[in-house]
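**Q** Structure: work.txt, compact mmCIF, N, CA, C and O atoms.
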```
# COMPACT_ATOMS: atom_id res chain seq x y z
N ALA A 10 -121.53 84.59 -61.54
CA ALA A 10 -122.75 83.84 -61.34
C ALA A 10 -122.45 82.34 -61.15
O ALA A 10 -123.07 81.68 -60.34
N GLU A 11 -121.49 81.85 -61.93
CA GLU A 11 -121.16 80.42 -61.83
C GLU A 11 -120.59 80.08 -60.46
O GLU A 11 -120.99 79.08 -59.85
N THR A 12 -119.69 80.89 -59.96
CA THR A 12 -119.11 80.65 -58.64
C THR A 12 -120.18 80.70 -57.57
O THR A 12 -120.23 79.85 -56.68
N PHE A 13 -121.07 81.69 -57.66
CA PHE A 13 -122.18 81.82 -56.72
C PHE A 13 -123.04 80.56 -56.74
O PHE A 13 -123.38 80.01 -55.70
N ALA A 14 -123.42 80.10 -57.93
CA ALA A 14 -124.30 78.93 -58.05
C ALA A 14 -123.63 77.67 -57.52
O ALA A 14 -124.24 76.89 -56.79
N LYS A 15 -122.38 77.46 -57.86
CA LYS A 15 -121.66 76.26 -57.39
C LYS A 15 -121.52 76.27 -55.87
O LYS A 15 -121.71 75.25 -55.22
N THR A 16 -121.19 77.42 -55.32
CA THR A 16 -121.07 77.54 -53.87
C THR A 16 -122.42 77.31 -53.20
O THR A 16 -122.51 76.62 -52.19
N SER A 17 -123.45 77.86 -53.79
CA SER A 17 -124.80 77.70 -53.24
C SER A 17 -125.26 76.25 -53.27
O SER A 17 -125.92 75.78 -52.34
N ILE A 18 -124.92 75.52 -54.32
CA ILE A 18 -125.26 74.09 -54.39
C ILE A 18 -124.59 73.32 -53.27
O ILE A 18 -125.19 72.45 -52.64
N LYS A 19 -123.34 73.69 -52.98
CA LYS A 19 -122.63 73.02 -51.86
C LYS A 19 -123.29 73.34 -50.53
O LYS A 19 -123.42 72.47 -49.67
N LEU A 20 -123.70 74.59 -50.34
CA LEU A 20 -124.32 75.01 -49.09
C LEU A 20 -125.77 74.56 -48.95
O LEU A 20 -126.24 74.26 -47.86
N TYR A 21 -126.49 74.57 -50.08
CA TYR A 21 -127.93 74.27 -50.08
C TYR A 21 -128.25 73.25 -51.18
O TYR A 21 -128.89 73.58 -52.18
N PRO A 22 -127.81 72.01 -51.03
CA PRO A 22 -127.95 71.01 -52.10
C PRO A 22 -129.39 70.64 -52.43
O PRO A 22 -129.63 70.04 -53.48
N LYS A 23 -130.34 71.00 -51.61
CA LYS A 23 -131.75 70.67 -51.87
C LYS A 23 -132.54 71.84 -52.44
O LYS A 23 -133.74 71.75 -52.61
N ASN A 24 -131.87 72.95 -52.74
CA ASN A 24 -132.56 74.12 -53.30
C ASN A 24 -132.44 74.08 -54.82
O ASN A 24 -131.38 74.33 -55.38
N GLU A 25 -133.54 73.80 -55.49
CA GLU A 25 -133.51 73.57 -56.93
C GLU A 25 -133.15 74.79 -57.76
O GLU A 25 -132.65 74.65 -58.87
N ILE A 26 -133.31 75.99 -57.25
CA ILE A 26 -133.04 77.18 -58.06
C ILE A 26 -131.57 77.26 -58.47
O ILE A 26 -131.25 77.72 -59.57
N PHE A 27 -130.68 76.75 -57.64
CA PHE A 27 -129.27 76.82 -57.97
C PHE A 27 -128.91 75.86 -59.11
O PHE A 27 -127.99 76.12 -59.88
N TYR A 28 -129.65 74.77 -59.23
CA TYR A 28 -129.44 73.87 -60.37
C TYR A 28 -129.93 74.55 -61.64
O TYR A 28 -129.35 74.37 -62.71
N TRP A 29 -130.99 75.34 -61.52
CA TRP A 29 -131.45 76.12 -62.67
C TRP A 29 -130.37 77.11 -63.09
O TRP A 29 -130.08 77.24 -64.27
N TYR A 30 -129.77 77.80 -62.12
CA TYR A 30 -128.70 78.74 -62.45
C TYR A 30 -127.60 78.04 -63.23
O TYR A 30 -127.12 78.54 -64.24
N MET A 31 -127.17 76.89 -62.73
CA MET A 31 -126.09 76.18 -63.40
C MET A 31 -126.51 75.67 -64.77
O MET A 31 -125.72 75.69 -65.71
N TRP A 32 -127.76 75.24 -64.91
CA TRP A 32 -128.26 74.84 -66.23
C TRP A 32 -128.18 76.03 -67.18
O TRP A 32 -127.67 75.92 -68.29
N TRP A 33 -128.68 77.17 -66.74
CA TRP A 33 -128.69 78.37 -67.57
C TRP A 33 -127.28 78.80 -67.95
O TRP A 33 -126.99 79.09 -69.11
N ILE A 34 -126.40 78.83 -66.97
CA ILE A 34 -125.00 79.22 -67.23
C ILE A 34 -124.38 78.28 -68.25
O ILE A 34 -123.71 78.70 -69.19
N THR A 35 -124.63 77.00 -68.08
CA THR A 35 -124.06 76.00 -68.99
C THR A 35 -124.59 76.17 -70.40
O THR A 35 -123.84 76.14 -71.37
N ILE A 36 -125.89 76.36 -70.54
CA ILE A 36 -126.49 76.49 -71.87
C ILE A 36 -126.13 77.83 -72.52
O ILE A 36 -125.79 77.89 -73.69
N GLU A 37 -126.21 78.91 -71.77
CA GLU A 37 -126.03 80.23 -72.35
C GLU A 37 -124.58 80.71 -72.43
O GLU A 37 -124.23 81.45 -73.32
N LYS A 38 -123.78 80.31 -71.48
CA LYS A 38 -122.45 80.89 -71.39
C LYS A 38 -121.31 79.93 -71.73
O LYS A 38 -120.21 80.34 -71.95
N LYS A 39 -121.59 78.65 -71.76
CA LYS A 39 -120.51 77.68 -71.94
C LYS A 39 -120.62 76.93 -73.26
O LYS A 39 -120.35 75.75 -73.34
N GLU A 40 -121.04 77.63 -74.27
CA GLU A 40 -121.07 77.08 -75.62
C GLU A 40 -121.83 75.77 -75.73
O GLU A 40 -121.37 74.80 -76.31
N LYS A 41 -123.01 75.77 -75.15
CA LYS A 41 -123.96 74.67 -75.36
C LYS A 41 -123.42 73.30 -74.92
O LYS A 41 -123.46 72.34 -75.66
N GLU A 42 -122.89 73.22 -73.73
CA GLU A 42 -122.42 71.94 -73.19
C GLU A 42 -123.62 71.14 -72.68
O GLU A 42 -123.92 71.09 -71.49
N TYR A 43 -124.32 70.50 -73.61
CA TYR A 43 -125.58 69.83 -73.29
C TYR A 43 -125.42 68.71 -72.28
O TYR A 43 -126.26 68.54 -71.41
N SER A 44 -124.36 67.95 -72.35
CA SER A 44 -124.19 66.83 -71.41
C SER A 44 -124.02 67.36 -69.98
O SER A 44 -124.52 66.75 -69.03
N VAL A 45 -123.34 68.48 -69.82
CA VAL A 45 -123.18 69.08 -68.50
C VAL A 45 -124.53 69.60 -68.02
O VAL A 45 -124.92 69.39 -66.86
N ALA A 46 -125.26 70.25 -68.90
CA ALA A 46 -126.60 70.75 -68.55
C ALA A 46 -127.51 69.60 -68.13
O ALA A 46 -128.28 69.73 -67.17
N GLU A 47 -127.43 68.48 -68.82
CA GLU A 47 -128.25 67.31 -68.48
C GLU A 47 -127.90 66.77 -67.10
O GLU A 47 -128.78 66.28 -66.39
N GLU A 48 -126.65 66.87 -66.70
CA GLU A 48 -126.26 66.42 -65.36
C GLU A 48 -126.92 67.29 -64.29
O GLU A 48 -127.37 66.78 -63.26
N TYR A 49 -126.98 68.60 -64.51
CA TYR A 49 -127.66 69.48 -63.56
C TYR A 49 -129.15 69.16 -63.51
O TYR A 49 -129.76 69.18 -62.44
N ILE A 50 -129.74 68.83 -64.65
CA ILE A 50 -131.15 68.44 -64.68
C ILE A 50 -131.36 67.16 -63.87
O ILE A 50 -132.32 67.05 -63.11
N LYS A 51 -130.47 66.19 -64.02
CA LYS A 51 -130.60 64.93 -63.26
C LYS A 51 -130.54 65.19 -61.75
O LYS A 51 -131.31 64.62 -60.98
N LYS A 52 -129.62 66.04 -61.33
CA LYS A 52 -129.52 66.38 -59.91
C LYS A 52 -130.78 67.10 -59.44
O LYS A 52 -131.27 66.86 -58.34
N TRP A 53 -131.30 67.97 -60.27
CA TRP A 53 -132.51 68.70 -59.97
C TRP A 53 -133.69 67.74 -59.83
O TRP A 53 -134.51 67.88 -58.92
N LEU A 54 -133.75 66.73 -60.69
CA LEU A 54 -134.83 65.74 -60.62
C LEU A 54 -134.84 64.98 -59.30
O LEU A 54 -135.89 64.54 -58.84
N GLU A 55 -133.68 64.82 -58.69
CA GLU A 55 -133.61 64.16 -57.39
C GLU A 55 -134.32 64.98 -56.31
O GLU A 55 -134.78 64.43 -55.31
N ILE A 56 -134.43 66.27 -56.52
CA ILE A 56 -135.05 67.17 -55.55
C ILE A 56 -136.54 67.30 -55.82
O ILE A 56 -137.35 67.27 -54.90
N ASN A 57 -136.91 67.46 -57.08
CA ASN A 57 -138.30 67.77 -57.42
C ASN A 57 -138.62 67.24 -58.82
O ASN A 57 -138.22 67.85 -59.80
N LYS A 58 -139.34 66.16 -58.89
CA LYS A 58 -139.65 65.52 -60.17
C LYS A 58 -140.80 66.18 -60.93
O LYS A 58 -140.97 65.93 -62.10
N ILE A 59 -141.59 66.99 -60.26
CA ILE A 59 -142.77 67.55 -60.92
C ILE A 59 -142.77 69.09 -60.95
O ILE A 59 -143.81 69.71 -60.96
N SER A 60 -141.63 69.66 -61.02
CA SER A 60 -141.50 71.11 -61.08
C SER A 60 -141.82 71.63 -62.48
O SER A 60 -141.19 71.20 -63.45
N PRO A 61 -142.76 72.56 -62.62
CA PRO A 61 -143.01 73.14 -63.93
C PRO A 61 -141.76 73.84 -64.49
O PRO A 61 -141.51 73.78 -65.69
N MET A 62 -140.99 74.47 -63.62
CA MET A 62 -139.77 75.12 -64.07
C MET A 62 -138.80 74.10 -64.65
O MET A 62 -138.22 74.31 -65.71
N LEU A 63 -138.64 72.97 -63.98
CA LEU A 63 -137.76 71.92 -64.46
C LEU A 63 -138.25 71.37 -65.80
O LEU A 63 -137.47 71.17 -66.72
N ASN A 64 -139.53 71.15 -65.91
CA ASN A 64 -140.08 70.63 -67.16
C ASN A 64 -139.86 71.63 -68.31
O ASN A 64 -139.54 71.24 -69.42
N PHE A 65 -140.02 72.91 -68.01
CA PHE A 65 -139.78 73.95 -69.01
C PHE A 65 -138.31 73.93 -69.44
O PHE A 65 -137.99 74.02 -70.63
N VAL A 66 -137.42 73.79 -68.48
CA VAL A 66 -135.98 73.73 -68.76
C VAL A 66 -135.66 72.52 -69.64
O VAL A 66 -134.88 72.61 -70.59
N LYS A 67 -136.27 71.39 -69.33
CA LYS A 67 -136.05 70.19 -70.15
C LYS A 67 -136.52 70.44 -71.59
O LYS A 67 -135.86 70.04 -72.54
N ALA A 68 -137.64 71.13 -71.74
CA ALA A 68 -138.15 71.44 -73.07
C ALA A 68 -137.17 72.35 -73.82
O ALA A 68 -136.88 72.13 -75.00
N LYS A 69 -136.67 73.37 -73.14
CA LYS A 69 -135.73 74.30 -73.78
C LYS A 69 -134.45 73.58 -74.19
O LYS A 69 -133.89 73.85 -75.26
N LEU A 70 -133.99 72.65 -73.36
CA LEU A 70 -132.79 71.89 -73.70
C LEU A 70 -133.04 71.03 -74.94
O LEU A 70 -132.23 70.98 -75.85
N GLU A 71 -134.17 70.36 -74.98
CA GLU A 71 -134.49 69.53 -76.14
C GLU A 71 -134.62 70.38 -77.40
O GLU A 71 -134.16 69.98 -78.47
N LEU A 72 -135.19 71.55 -77.27
CA LEU A 72 -135.31 72.46 -78.41
C LEU A 72 -133.92 72.90 -78.89
O LEU A 72 -133.66 72.94 -80.09
N ALA A 73 -133.04 73.21 -77.94
CA ALA A 73 -131.68 73.61 -78.30
C ALA A 73 -130.93 72.49 -79.01
O ALA A 73 -130.09 72.75 -79.88
N LYS A 74 -131.26 71.26 -78.67
CA LYS A 74 -130.61 70.10 -79.29
C LYS A 74 -131.33 69.67 -80.58
O LYS A 74 -131.00 68.67 -81.17
N TRP A 75 -132.32 70.46 -81.01
CA TRP A 75 -133.10 70.21 -82.22
C TRP A 75 -133.98 68.98 -82.11
O TRP A 75 -134.31 68.35 -83.11
N ASN A 76 -134.38 68.61 -80.90
CA ASN A 76 -135.33 67.52 -80.67
C ASN A 76 -136.72 68.13 -80.49
O ASN A 76 -137.26 68.18 -79.38
N LYS A 77 -137.27 68.63 -81.58
CA LYS A 77 -138.52 69.39 -81.54
C LYS A 77 -139.68 68.60 -80.94
O LYS A 77 -140.42 69.12 -80.12
N ASP A 78 -139.83 67.34 -81.33
CA ASP A 78 -140.95 66.54 -80.83
C ASP A 78 -140.89 66.36 -79.31
O ASP A 78 -141.89 66.47 -78.62
N LYS A 79 -139.71 66.10 -78.81
CA LYS A 79 -139.54 65.93 -77.36
C LYS A 79 -139.79 67.26 -76.65
O LYS A 79 -140.41 67.30 -75.59
N ALA A 80 -139.31 68.35 -77.23
CA ALA A 80 -139.53 69.68 -76.65
C ALA A 80 -141.03 69.98 -76.57
O ALA A 80 -141.52 70.45 -75.54
N ILE A 81 -141.75 69.69 -77.65
CA ILE A 81 -143.19 69.92 -77.67
C ILE A 81 -143.87 69.12 -76.56
O ILE A 81 -144.75 69.64 -75.85
N GLU A 82 -143.45 67.89 -76.37
CA GLU A 82 -144.02 67.04 -75.31
C GLU A 82 -143.83 67.69 -73.94
O GLU A 82 -144.77 67.77 -73.15
N TYR A 83 -142.62 68.17 -73.66
CA TYR A 83 -142.35 68.82 -72.37
C TYR A 83 -143.10 70.14 -72.23
O TYR A 83 -143.61 70.45 -71.15
N PHE A 84 -143.16 70.93 -73.30
CA PHE A 84 -143.91 72.20 -73.23
C PHE A 84 -145.38 71.94 -72.95
O PHE A 84 -146.00 72.63 -72.14
N LYS A 85 -145.96 70.95 -73.62
CA LYS A 85 -147.38 70.64 -73.40
C LYS A 85 -147.62 70.19 -71.96
O LYS A 85 -148.60 70.59 -71.33
N LYS A 86 -146.72 69.36 -71.45
CA LYS A 86 -146.87 68.87 -70.07
C LYS A 86 -146.78 70.05 -69.10
O LYS A 86 -147.57 70.15 -68.16
N THR A 87 -145.83 70.93 -69.32
CA THR A 87 -145.66 72.09 -68.45
C THR A 87 -146.89 72.99 -68.50
O THR A 87 -147.37 73.45 -67.45
N ALA A 88 -147.42 73.22 -69.69
CA ALA A 88 -148.61 74.06 -69.84
C ALA A 88 -149.80 73.46 -69.11
O ALA A 88 -150.61 74.17 -68.51
N SER A 89 -149.89 72.12 -69.09
CA SER A 89 -151.02 71.47 -68.41
C SER A 89 -150.83 71.45 -66.88
O SER A 89 -151.81 71.47 -66.15
N TRP A 90 -149.60 71.44 -66.42
CA TRP A 90 -149.34 71.44 -64.98
C TRP A 90 -149.45 72.83 -64.38
O TRP A 90 -149.85 72.99 -63.24
N ASP A 91 -149.01 73.82 -65.12
CA ASP A 91 -148.83 75.18 -64.58
C ASP A 91 -149.82 76.14 -65.25
O ASP A 91 -149.43 77.20 -65.76
N ILE A 92 -151.08 75.77 -65.23
CA ILE A 92 -152.12 76.53 -65.92
C ILE A 92 -152.19 77.96 -65.38
O ILE A 92 -152.30 78.18 -64.18
N ASN A 93 -152.08 78.91 -66.30
CA ASN A 93 -152.16 80.35 -65.99
C ASN A 93 -151.08 80.85 -65.04
O ASN A 93 -151.27 81.86 -64.37
N TRP A 94 -149.96 80.16 -64.97
CA TRP A 94 -148.82 80.62 -64.19
C TRP A 94 -147.64 80.78 -65.14
O TRP A 94 -147.71 80.46 -66.32
N ASP A 95 -146.54 81.26 -64.61
CA ASP A 95 -145.40 81.65 -65.44
C ASP A 95 -144.93 80.58 -66.43
O ASP A 95 -144.84 80.84 -67.63
N PHE A 96 -144.60 79.41 -65.94
CA PHE A 96 -144.01 78.42 -66.84
C PHE A 96 -145.04 77.80 -67.78
O PHE A 96 -144.70 77.42 -68.89
N GLY A 97 -146.27 77.75 -67.35
CA GLY A 97 -147.34 77.31 -68.24
C GLY A 97 -147.53 78.30 -69.38
O GLY A 97 -147.64 77.91 -70.55
N ASN A 98 -147.55 79.58 -69.04
CA ASN A 98 -147.71 80.62 -70.06
C ASN A 98 -146.50 80.68 -70.99
O ASN A 98 -146.65 80.83 -72.20
N LEU A 99 -145.30 80.55 -70.43
CA LEU A 99 -144.10 80.54 -71.27
C LEU A 99 -144.11 79.33 -72.21
O LEU A 99 -143.71 79.43 -73.37
N SER A 100 -144.59 78.20 -71.70
CA SER A 100 -144.67 77.00 -72.54
C SER A 100 -145.64 77.19 -73.69
O SER A 100 -145.36 76.80 -74.82
N LYS A 101 -146.77 77.83 -73.41
CA LYS A 101 -147.74 78.12 -74.47
C LYS A 101 -147.12 79.03 -75.54
O LYS A 101 -147.33 78.83 -76.73
N GLN A 102 -146.35 80.02 -75.09
CA GLN A 102 -145.69 80.91 -76.04
C GLN A 102 -144.67 80.15 -76.91
O GLN A 102 -144.59 80.38 -78.12
N GLU A 103 -143.94 79.26 -76.28
CA GLU A 103 -142.96 78.45 -77.03
C GLU A 103 -143.67 77.55 -78.04
O GLU A 103 -143.19 77.39 -79.16
N LEU A 104 -144.77 76.97 -77.64
CA LEU A 104 -145.54 76.12 -78.56
C LEU A 104 -146.04 76.92 -79.76
O LEU A 104 -146.02 76.42 -80.89
N GLU A 105 -146.45 78.15 -79.53
CA GLU A 105 -146.88 79.02 -80.63
C GLU A 105 -145.72 79.32 -81.59
O GLU A 105 -145.89 79.34 -82.80
N LYS A 106 -144.54 79.57 -81.04
CA LYS A 106 -143.36 79.83 -81.86
C LYS A 106 -143.01 78.63 -82.73
O LYS A 106 -142.60 78.80 -83.87
N ILE A 107 -143.16 77.45 -82.16
CA ILE A 107 -142.81 76.22 -82.88
C ILE A 107 -143.74 76.00 -84.06
O ILE A 107 -143.32 75.51 -85.11
N LYS A 108 -145.01 76.39 -83.91
CA LYS A 108 -145.98 76.22 -85.01
C LYS A 108 -145.46 76.94 -86.20
O LYS A 108 -145.44 76.87 -87.26
```
How does this structure look as structure tokens?

**A**
Amino acid sequence: AETFAKTSIKLYPKNEIFYWYMWWITIEKKEKEYSVAEEYIKKWLEINKISPMLNFVKAKLELAKWNKDKAIEYFKKTASWDINWDFGNLSKQELEKIK
């Protein structure tokens, strides 16, 4: 998956889904390399600053780093942007878990 995502970023540098793949791989498979994950988020932000998926990812990263207040802020923003859609609903679920 990592090779696929890295190759895809080279071929399609404006497709945000591949930055999500690399964020996920970094967080889930590479022993929580948060600074590397943050770099993929920064590159992703250059493509799309108002993506509900990106905002959800930022919330999950903050939660993983134990920054609960910042995570809640991102989850709430995502829920308000993506009303009744996937990332909005996932954000609402995460907010319930945090309570």

**Q** Choose the residue, out of A:Leu20, A:Ala14, A:Ile81, A:Ile107, that has the smallest atom-to-atom separation from Asn64 of chain A; count only C-alpha atoms.

**A**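 Residue with the minimum atom-to-atom distance to Asn64 of chain A: A:Ile81.
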
**Q** Would you mind telling me which residue in A:Ala88, A:Leu104, A:Leu70, A:Leu99 lies nearest to Ser44 of chain A when using only C-alpha atoms?

**A**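 The answer is A:Leu70, which sits nearest to Ser44 of chain A.
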
**Q** My list of candidates is A:Lys101, A:Trp32, A:Tyr83, A:Phe96. Which is closest to Lys51 of chain A when distances are computed with only C-alpha atoms?

**A** A:Trp32

**Q** Give the helix (DSSP H, G or I) residues of segment 29-101 of chain A, as assigned by DSSP on the backbone, as an MDAnalysis selection string.

**A** chainID A and resid 29:38 43:56 61:73 77:90 95:101

**Q** When distances are computed from all atoms listed in the file, which of A:Trp90, A:Lys108, A:Thr16, A:Tyr30 shows the smallest separation from Ile59 of chain A?

**A** A:Trp90

**Q** Given the choices A:Glu11, A:Glu47, A:Glu55, A:Glu105, which gets closest to Lys74 of chain A if the distance is worked out from only C-alpha atoms?

**A**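 Smallest separation from Lys74 of chain A among the options: A:Glu47.
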
**Q** If I take atom CA of Pro22 of chain A and atom CA of Asn98 of chain A, how far is one from the other in Å, to one decimal?

**A**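 That distance, rounded to one decimal, is 28.4 Å.
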
**Q** Provide the atom O of Phe13 of chain A to atom N of Gly97 of chain A distance in Å, to one decimal place.

**A** 25.8 Å

**Q** Atom CA of Ala80 of chain A and atom CA of Lys67 of chain A, how far apart in Å?

**A**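 We find that atom CA of Lys67 of chain A and atom CA of Ala80 of chain A lie 7.4 Å from each other.
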
**Q** Of the candidates A:Thr12, A:Asn24, A:Gln102, A:Asn93, which shows the shortest atom-to-atom distance to Ile56 of chain A, using all atoms listed in the file?

**A**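 Looking at the shortest contact to Ile56 of chain A, the residue is A:Asn24.
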